[in-house]
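A.B. asks: My file is query.json. It has JSON, C-alpha atoms and all ligand atoms:
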[["chain", "number", "residue", "atom", "x", "y", "z"],
["A", 889, "MET", "CA", -249.77, 106.48, -31.72],
["A", 890, "GLN", "CA", -247.85, 108.30, -29.04],
["A", 891, "LEU", "CA", -244.75, 110.40, -28.64],
["A", 892, "VAL", "CA", -241.46, 108.84, -27.63],
["A", 893, "TYR", "CA", -239.15, 110.93, -25.53],
["A", 894, "TYR", "CA", -235.46, 111.59, -25.17],
["A", 895, "PRO", "CA", -233.34, 109.43, -24.76],
["A", 896, "ASP", "CA", -235.31, 106.77, -26.66],
["A", 897, "PRO", "CA", -232.82, 105.21, -29.14],
["A", 898, "VAL", "CA", -235.23, 105.57, -32.07],
["A", 899, "LEU", "CA", -234.65, 109.33, -31.85],
["A", 900, "LEU", "CA", -230.93, 108.86, -32.37],
["A", 901, "LYS", "CA", -230.91, 106.65, -35.41],
["A", 902, "THR", "CA", -231.12, 107.33, -39.13],
["A", 903, "ALA", "CA", -234.62, 106.73, -40.49],
["A", 904, "GLN", "CA", -235.18, 104.60, -43.58],
["A", 905, "PRO", "CA", -236.47, 105.91, -46.93],
["A", 906, "LEU", "CA", -240.18, 105.37, -47.43],
["A", 907, "GLU", "CA", -240.48, 103.16, -50.52],
["A", 908, "GLN", "CA", -244.23, 102.86, -50.78],
["A", 909, "ILE", "CA", -246.74, 105.61, -50.09],
["A", 910, "ASP", "CA", -249.87, 103.59, -49.47],
["A", 911, "GLY", "CA", -253.11, 103.87, -47.53],
["A", 912, "GLU", "CA", -251.41, 102.96, -44.28],
["A", 913, "VAL", "CA", -248.89, 105.77, -44.69],
["A", 914, "LYS", "CA", -251.73, 108.22, -45.38],
["A", 915, "ALA", "CA", -253.68, 107.05, -42.32],
["A", 916, "ARG", "CA", -250.59, 107.34, -40.12],
["A", 917, "THR", "CA", -249.88, 110.80, -41.48],
["A", 918, "GLU", "CA", -253.41, 111.86, -40.46],
["A", 919, "GLU", "CA", -252.69, 110.54, -36.98],
["A", 920, "LEU", "CA", -249.42, 112.48, -36.90],
["A", 921, "PHE", "CA", -251.31, 115.71, -37.60],
["A", 922, "GLU", "CA", -253.84, 114.97, -34.85],
["A", 923, "LEU", "CA", -251.05, 114.25, -32.39],
["A", 924, "MET", "CA", -249.10, 117.35, -33.40],
["A", 925, "TYR", "CA", -252.15, 119.59, -32.89],
["A", 926, "ARG", "CA", -252.91, 117.96, -29.54],
["A", 927, "GLU", "CA", -249.37, 118.68, -28.42],
["A", 928, "LYS", "CA", -249.46, 122.21, -29.87],
["A", 929, "GLY", "CA", -246.46, 121.63, -32.11],
["A", 930, "VAL", "CA", -245.80, 123.11, -35.55],
["A", 931, "GLY", "CA", -243.81, 120.12, -36.83],
["A", 932, "LEU", "CA", -243.52, 116.41, -36.13],
["A", 933, "ALA", "CA", -241.24, 113.75, -37.61],
["A", 934, "ALA", "CA", -242.17, 110.06, -37.89],
["A", 935, "PRO", "CA", -239.29, 108.89, -35.63],
["A", 936, "GLN", "CA", -240.84, 110.96, -32.82],
["A", 937, "VAL", "CA", -243.60, 108.35, -32.61],
["A", 938, "GLY", "CA", -241.16, 105.46, -33.04],
["A", 939, "TRP", "CA", -241.87, 105.15, -36.78],
["A", 940, "SER", "CA", -238.38, 105.20, -38.24],
["A", 941, "VAL", "CA", -239.07, 106.39, -41.80],
["A", 942, "ARG", "CA", -238.14, 109.53, -43.72],
["A", 943, "LEU", "CA", -241.39, 111.43, -43.35],
["A", 944, "PHE", "CA", -242.33, 114.55, -41.44],
["A", 945, "ILE", "CA", -245.18, 117.02, -41.29],
["A", 946, "LEU", "CA", -245.46, 120.67, -40.45],
["A", 947, "ASN", "CA", -248.03, 123.43, -40.17],
["A", 948, "ILE", "CA", -246.55, 126.76, -39.15],
["A", 949, "TYR", "CA", -250.05, 128.21, -38.59],
["A", 950, "GLY", "CA", -250.97, 125.63, -35.94],
["A", 951, "HIS", "CA", -254.28, 123.80, -35.58],
["A", 952, "GLU", "CA", -256.49, 126.81, -36.28],
["A", 953, "ASP", "CA", -255.52, 127.04, -39.94],
["A", 954, "ARG", "CA", -255.14, 123.70, -41.65],
["A", 955, "SER", "CA", -254.20, 125.37, -44.94],
["A", 956, "GLY", "CA", -250.61, 125.29, -43.69],
["A", 957, "GLU", "CA", -250.46, 121.48, -43.57],
["A", 958, "ARG", "CA", -247.45, 120.06, -45.38],
["A", 959, "VAL", "CA", -246.16, 116.50, -45.68],
["A", 960, "PHE", "CA", -242.55, 115.81, -46.67],
["A", 961, "ILE", "CA", -241.46, 112.33, -47.70],
["A", 962, "ASN", "CA", -237.87, 111.32, -48.47],
["A", 963, "PRO", "CA", -236.80, 114.97, -48.29],
["A", 964, "ARG", "CA", -233.38, 116.29, -49.24],
["A", 965, "ILE", "CA", -231.77, 119.66, -48.67],
["A", 966, "LEU", "CA", -230.05, 120.61, -51.91],
["A", 967, "ASP", "CA", -228.73, 124.00, -50.93],
["A", 968, "LYS", "CA", -228.68, 126.42, -48.01],
["A", 969, "GLY", "CA", -228.72, 130.21, -48.08],
["A", 970, "GLU", "CA", -225.86, 132.20, -46.59],
["A", 971, "GLU", "CA", -227.93, 134.28, -44.22],
["A", 972, "ILE", "CA", -228.13, 132.74, -40.74],
["A", 973, "THR", "CA", -230.92, 133.50, -38.30],
["A", 974, "VAL", "CA", -231.17, 132.69, -34.60],
["A", 975, "GLU", "CA", -234.49, 131.66, -33.07],
["A", 976, "GLU", "CA", -235.62, 129.80, -29.99],
["A", 977, "GLU", "CA", -236.64, 126.20, -30.63],
["A", 978, "GLY", "CA", -238.25, 123.46, -28.63],
["A", 979, "CYS", "CA", -238.97, 119.82, -29.38],
["A", 980, "LEU", "CA", -241.92, 117.60, -28.47],
["A", 981, "SER", "CA", -239.44, 114.79, -27.75],
["A", 982, "ILE", "CA", -237.59, 116.86, -25.13],
["A", 983, "PRO", "CA", -240.36, 118.45, -23.06],
["A", 984, "GLU", "CA", -239.64, 121.77, -21.38],
["A", 985, "LEU", "CA", -236.30, 122.37, -23.03],
["A", 986, "ARG", "CA", -235.96, 125.44, -25.22],
["A", 987, "GLY", "CA", -232.90, 127.09, -26.67],
["A", 988, "ASN", "CA", -231.55, 129.36, -29.36],
["A", 989, "VAL", "CA", -230.52, 127.67, -32.58],
["A", 990, "SER", "CA", -228.72, 129.21, -35.59],
["A", 991, "ARG", "CA", -229.89, 127.98, -38.97],
["A", 992, "PRO", "CA", -229.83, 129.19, -42.56],
["A", 993, "GLU", "CA", -232.81, 131.43, -43.27],
["A", 994, "ALA", "CA", -233.44, 129.78, -46.65],
["A", 995, "ILE", "CA", -233.08, 126.30, -48.08],
["A", 996, "LEU", "CA", -233.66, 124.63, -51.41],
["A", 997, "CYS", "CA", -235.28, 121.25, -50.85],
["A", 998, "GLU", "CA", -236.62, 118.30, -52.73],
["A", 999, "TYR", "CA", -239.29, 115.94, -51.46],
["A", 1000, "GLN", "CA", -242.30, 113.78, -52.30],
["A", 1001, "ASP", "CA", -245.77, 114.44, -51.00],
["A", 1002, "LEU", "CA", -248.49, 111.87, -50.23],
["A", 1003, "SER", "CA", -249.28, 111.52, -53.94],
["A", 1004, "GLY", "CA", -245.71, 110.32, -54.48],
["A", 1005, "GLU", "CA", -244.98, 113.24, -56.80],
["A", 1006, "LYS", "CA", -241.56, 114.86, -56.48],
["A", 1007, "PHE", "CA", -241.19, 118.59, -55.85],
["A", 1008, "ARG", "CA", -238.36, 121.08, -55.61],
["A", 1009, "GLU", "CA", -238.97, 124.17, -53.53],
["A", 1010, "GLU", "CA", -237.26, 127.13, -51.92],
["A", 1011, "MET", "CA", -238.29, 127.75, -48.33],
["A", 1012, "HIS", "CA", -237.76, 130.70, -46.03],
["A", 1013, "GLU", "CA", -238.06, 131.85, -42.43],
["A", 1014, "LEU", "CA", -240.16, 129.78, -40.03],
["A", 1015, "GLU", "CA", -241.09, 127.14, -42.58],
["A", 1016, "ALA", "CA", -237.42, 126.65, -43.51],
["A", 1017, "ARG", "CA", -236.51, 126.48, -39.82],
["A", 1018, "VAL", "CA", -239.12, 123.88, -38.95],
["A", 1019, "PHE", "CA", -238.17, 121.92, -42.07],
["A", 1020, "GLN", "CA", -234.53, 121.82, -40.93],
["A", 1021, "HIS", "CA", -235.46, 120.84, -37.36],
["A", 1022, "GLU", "CA", -237.66, 117.98, -38.57],
["A", 1023, "PHE", "CA", -235.17, 116.96, -41.24],
["A", 1024, "ASP", "CA", -232.56, 116.58, -38.50],
["A", 1025, "HIS", "CA", -234.88, 114.09, -36.75],
["A", 1026, "LEU", "CA", -234.69, 111.83, -39.82],
["A", 1027, "ASN", "CA", -230.93, 111.68, -39.32],
["A", 1028, "GLY", "CA", -231.10, 111.02, -35.60],
["A", 1029, "VAL", "CA", -230.10, 114.59, -34.74],
["A", 1030, "LEU", "CA", -231.85, 116.48, -31.94],
["A", 1031, "PHE", "CA", -231.78, 120.27, -31.66],
["A", 1032, "LEU", "CA", -229.64, 119.83, -28.56],
["A", 1033, "ARG", "CA", -226.69, 119.37, -30.85],
["A", 1034, "HIS", "CA", -227.09, 122.93, -32.13],
["A", 1035, "LEU", "CA", -227.16, 124.60, -28.69],
["A", 1036, "ASN", "CA", -224.16, 126.61, -27.57],
["A", 1037, "THR", "CA", -221.94, 125.39, -24.72],
["A", 1038, "THR", "CA", -223.70, 127.40, -22.02],
["A", 1039, "ALA", "CA", -227.15, 126.26, -23.14],
["A", 1040, "LYS", "CA", -225.92, 122.67, -23.26],
["A", 1041, "LEU", "CA", -224.69, 122.94, -19.66],
["A", 1042, "LEU", "CA", -228.01, 124.40, -18.57],
["A", 1043, "ALA", "CA", -229.85, 121.57, -20.30],
["A", 1044, "LYS", "CA", -227.88, 118.87, -18.49],
["A", 1045, "LYS", "CA", -230.06, 118.66, -15.40],
["A", 1046, "LEU", "CA", -233.27, 118.39, -17.40],
["A", 1047, "LEU", "CA", -231.75, 115.75, -19.67],
["A", 1048, "ARG", "CA", -230.67, 113.69, -16.66],
["A", 1049, "GLU", "CA", -234.23, 113.83, -15.33],
["A", 1050, "LEU", "CA", -235.58, 112.63, -18.68],
["A", 1051, "GLU", "CA", -232.99, 109.84, -18.74],
["A", 1052, "GLU", "CA", -234.08, 108.78, -15.25],
["A", 1053, "GLU", "CA", -237.77, 108.83, -16.23],
["A", 1054, "TYR", "CA", -236.96, 106.76, -19.29],
["A", 1055, "ARG", "CA", -235.10, 104.18, -17.18],
["A", 1056, "GLN", "CA", -238.01, 103.96, -14.75],
["A", 1057, "ARG", "CA", -240.55, 103.45, -17.54],
["A", 1058, "GLY", "CA", -238.32, 100.73, -18.92],
["A", 1059, "ASP", "CA", -237.99, 99.04, -15.53],
["A", 1060, "SER", "CA", -241.71, 99.09, -14.84],
["A", 1061, "SER", "CA", -242.67, 97.51, -18.16],
["A", 1062, "GLY", "CA", -239.63, 95.25, -18.23],
["A", 1063, "LYS", "CA", -239.04, 95.89, -21.92],
["A", 1064, "THR", "CA", -237.04, 99.02, -22.45],
["A", 1065, "GLY", "CA", -237.35, 100.54, -25.87],
["A", 1066, "VAL", "CA", -239.66, 97.88, -27.30],
["A", 1067, "ARG", "CA", -242.68, 100.10, -27.29],
["A", 1068, "SER", "CA", -240.87, 102.75, -29.32],
["A", 1069, "ARG", "CA", -240.77, 100.46, -32.33],
["A", 1070, "GLU", "CA", -244.50, 99.85, -32.15],
["A", 1071, "PRO", "CA", -246.28, 103.20, -32.43],
["A", 1101, "ZN", "ZN", -238.04, 117.99, -32.58]]
Before anything else, please render the file you have as structure tokens.
Ligand SMILES: [Zn+2]

C.D. replies:
Amino acid sequence: MQLVYYPDPVLLKTAQPLEQIDGEVKARTEELFELMYREKGVGLAAPQVGWSVRLFILNIYGHEDRSGERVFINPRILDKGEEITVEEEGCLSIPELRGNVSRPEAILCEYQDLSGEKFREEMHELEARVFQHEFDHLNGVLFLRHLNTTAKLLAKKLLRELEEEYRQRGDSSGKTGVRSREP
């Protein structure tokens, strides 16, 4: 299992609902956590490893405290709070790019966990922010879309470099994008 990077097409498409939560899904979820900790992230969505299903994980405490591990399957955002907060975000799929993003401070969400049970929960602050960032990934939305015009302009050069690297990887293997569907 490895990360796919911008502009891999799998990052821009809508992920499919996960119908069956079986042993394979559990094993892959374990791998997602290991990868996320290795990369020092606090959240990771399945499409970021080329697995285009509606599942993401997060742990806002990082690898040192596994009590924060959460798995969200087929999540929905039912409601958003009115208060908006601005924080800097980054994304493991777009290395080195960071930028301020406005998001609701609170959300009401619904999801299944690995047992398949359905939950409804109100989330706040960092957890709500990471949830929204990862949720966007399931809809093919990268945090780039939320950057203001100036930040988008500043990001352009870096994005072009990533596009060039992606093209070169594709040329060298001769099968652009194929690998992304086989995590
Ligand atoms: Zn991301």

A.B. asks: Residues of chain A that have any atom at most 9 Å from an atom of ligand ZN 1101 (chain A): could you tabulate them with the shortest-distance atom pair and the distance in Å to one decimal, using all atoms listed in the file, ordered by chain and increasing number, as CSV?

C.D. replies:
residue,atom,partner,partner_atom,distance
A:Gly931,CA,A:ZN1101,ZN,7.5
A:Leu932,CA,A:ZN1101,ZN,6.7
A:Ala933,CA,A:ZN1101,ZN,7.3
A:Gln936,CA,A:ZN1101,ZN,7.6
A:Glu977,CA,A:ZN1101,ZN,8.6
A:Gly978,CA,A:ZN1101,ZN,6.8
A:Cys979,CA,A:ZN1101,ZN,3.8
A:Leu980,CA,A:ZN1101,ZN,5.7
A:Ser981,CA,A:ZN1101,ZN,6.0
A:Ile982,CA,A:ZN1101,ZN,7.5
A:Val1018,CA,A:ZN1101,ZN,8.7
A:His1021,CA,A:ZN1101,ZN,6.1
A:Glu1022,CA,A:ZN1101,ZN,6.0
A:Asp1024,CA,A:ZN1101,ZN,8.2
A:His1025,CA,A:ZN1101,ZN,6.5
A:Val1029,CA,A:ZN1101,ZN,8.9
A:Leu1030,CA,A:ZN1101,ZN,6.4
A:Phe1031,CA,A:ZN1101,ZN,6.7

A.B. asks: If I take atom CA of A:Gln890 and atom CA of A:Glu918, how far is one from the other in Å, to one decimal?

C.D. replies: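 That distance, rounded to one decimal, is 13.2 Å.
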
A.B. asks: Skipping near chain neighbours, those fewer than 3 positions away, what residues fall within 9 Å of A:Glu1009 using all atoms listed in the file, listed as a PyMOL selection string?

C.D. replies: chain A and resi 995-999

A.B. asks: At a cut-off of 12 Å, using all atoms listed in the file, what residues contact A:Asn1027? Leave out same-chain residues fewer than 6 positions from it and give the result as a list in words.

C.D. replies: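 Here the qualifying residues turn out to be Val898, Leu899, Leu900, Lys901, Thr902, Ala903, Gln904, Pro905, Ala933, Ala934, Pro935, Gln936, Ser940, Val941, Arg942, Leu943, Phe944, Asn962, Pro963, Arg964, Gln1020 and His1021 of chain A.
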
A.B. asks: One decimal, in Å: what's the spacing between atom CA of A:Asn1036 and atom CA of A:Leu891?

C.D. replies: 26.2 Å

A.B. asks: Find the residues around A:Val974 up to 7 Å (only C-alpha atoms counted), leave out those fewer than 4 positions away in its own chain, and share them as a count of residues only.

C.D. replies: 4

A.B. asks: Calculate how many Å separate atom CA of A:Leu1046 from atom CA of A:Asp896, rounding to one decimal.

C.D. replies: 15.0 Å

A.B. asks: What box, with edges along x, y and z, holds each listed atom of stretch 1051-1054 of chain A when 4 Å is added on every side, and can you state its centre and edge lengths in Å to one decimal, as lines of an AutoDock Vina configuration file?

C.D. replies:
center_x = -235.4
center_y = 108.3
center_z = -17.3
size_x = 12.8
size_y = 11.1
size_z = 12.0

A.B. asks: Which one of A:His951, A:Phe921, A:Ile965, A:Glu1049 sits closest to A:Phe1007 if you count all atoms listed in the file?

C.D. replies: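 Closest to A:Phe1007 of all the choices is A:Ile965.
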
A.B. asks: Since the input lacks some atoms of stretch 985-1017 of chain A, please model N, CA and C atoms and print them as a compact mmCIF listing (two decimals), keeping the file's coordinate frame.

C.D. replies:
# COMPACT_ATOMS: atom_id res chain seq x y z
N LEU A 985 -237.58 121.78 -22.66
CA LEU A 985 -236.30 122.37 -23.03
C LEU A 985 -236.48 123.30 -24.23
N ARG A 986 -235.96 124.52 -24.09
CA ARG A 986 -235.96 125.44 -25.22
C ARG A 986 -234.58 126.06 -25.32
N GLY A 987 -234.21 126.48 -26.53
CA GLY A 987 -232.90 127.09 -26.67
C GLY A 987 -232.72 127.71 -28.04
N ASN A 988 -231.80 128.67 -28.09
CA ASN A 988 -231.55 129.36 -29.36
C ASN A 988 -230.75 128.49 -30.31
N VAL A 989 -231.19 128.48 -31.56
CA VAL A 989 -230.52 127.67 -32.58
C VAL A 989 -230.29 128.53 -33.82
N SER A 990 -229.05 128.50 -34.34
CA SER A 990 -228.72 129.21 -35.59
C SER A 990 -228.96 128.27 -36.76
N ARG A 991 -229.67 128.78 -37.75
CA ARG A 991 -229.89 127.98 -38.97
C ARG A 991 -229.95 128.91 -40.16
N PRO A 992 -229.65 128.38 -41.36
CA PRO A 992 -229.83 129.19 -42.56
C PRO A 992 -231.28 129.64 -42.68
N GLU A 993 -231.46 130.88 -43.12
CA GLU A 993 -232.81 131.43 -43.27
C GLU A 993 -233.55 130.78 -44.42
N ALA A 994 -232.81 130.35 -45.45
CA ALA A 994 -233.44 129.78 -46.65
C ALA A 994 -232.80 128.45 -47.01
N ILE A 995 -233.61 127.58 -47.58
CA ILE A 995 -233.08 126.30 -48.08
C ILE A 995 -233.76 125.98 -49.42
N LEU A 996 -233.05 125.20 -50.21
CA LEU A 996 -233.66 124.63 -51.41
C LEU A 996 -233.82 123.14 -51.12
N CYS A 997 -235.06 122.65 -51.21
CA CYS A 997 -235.28 121.25 -50.85
C CYS A 997 -236.02 120.49 -51.94
N GLU A 998 -235.95 119.19 -51.81
CA GLU A 998 -236.62 118.30 -52.73
C GLU A 998 -237.34 117.27 -51.88
N TYR A 999 -238.52 116.88 -52.28
CA TYR A 999 -239.29 115.94 -51.46
C TYR A 999 -240.43 115.34 -52.28
N GLN A 1000 -241.05 114.30 -51.74
CA GLN A 1000 -242.30 113.78 -52.30
C GLN A 1000 -243.42 114.14 -51.35
N ASP A 1001 -244.63 114.27 -51.89
CA ASP A 1001 -245.77 114.44 -51.00
C ASP A 1001 -246.54 113.12 -50.97
N LEU A 1002 -247.74 113.13 -50.39
CA LEU A 1002 -248.49 111.87 -50.23
C LEU A 1002 -248.93 111.26 -51.55
N SER A 1003 -248.93 112.07 -52.63
CA SER A 1003 -249.28 111.52 -53.94
C SER A 1003 -248.09 110.78 -54.56
N GLY A 1004 -246.91 110.96 -53.96
CA GLY A 1004 -245.71 110.32 -54.48
C GLY A 1004 -244.96 111.22 -55.46
N GLU A 1005 -245.60 112.32 -55.84
CA GLU A 1005 -244.98 113.24 -56.80
C GLU A 1005 -243.78 113.95 -56.15
N LYS A 1006 -242.77 114.23 -56.98
CA LYS A 1006 -241.56 114.86 -56.48
C LYS A 1006 -241.60 116.37 -56.72
N PHE A 1007 -241.20 117.13 -55.74
CA PHE A 1007 -241.19 118.59 -55.85
C PHE A 1007 -239.84 119.16 -55.46
N ARG A 1008 -239.54 120.32 -56.01
CA ARG A 1008 -238.36 121.08 -55.61
C ARG A 1008 -238.86 122.46 -55.21
N GLU A 1009 -238.38 122.94 -54.07
CA GLU A 1009 -238.97 124.17 -53.53
C GLU A 1009 -237.96 124.95 -52.70
N GLU A 1010 -238.07 126.28 -52.78
CA GLU A 1010 -237.26 127.13 -51.92
C GLU A 1010 -238.11 127.51 -50.72
N MET A 1011 -237.53 127.41 -49.54
CA MET A 1011 -238.29 127.75 -48.33
C MET A 1011 -237.56 128.82 -47.54
N HIS A 1012 -238.34 129.60 -46.80
CA HIS A 1012 -237.76 130.70 -46.03
C HIS A 1012 -238.32 130.74 -44.61
N GLU A 1013 -237.60 131.49 -43.78
CA GLU A 1013 -238.06 131.85 -42.43
C GLU A 1013 -238.54 130.66 -41.63
N LEU A 1014 -239.72 130.81 -40.98
CA LEU A 1014 -240.16 129.78 -40.03
C LEU A 1014 -240.33 128.41 -40.70
N GLU A 1015 -240.88 128.42 -41.91
CA GLU A 1015 -241.09 127.14 -42.58
C GLU A 1015 -239.74 126.44 -42.84
N ALA A 1016 -238.76 127.22 -43.27
CA ALA A 1016 -237.42 126.65 -43.51
C ALA A 1016 -236.81 126.15 -42.21
N ARG A 1017 -237.06 126.88 -41.12
CA ARG A 1017 -236.51 126.48 -39.82
C ARG A 1017 -237.13 125.17 -39.34
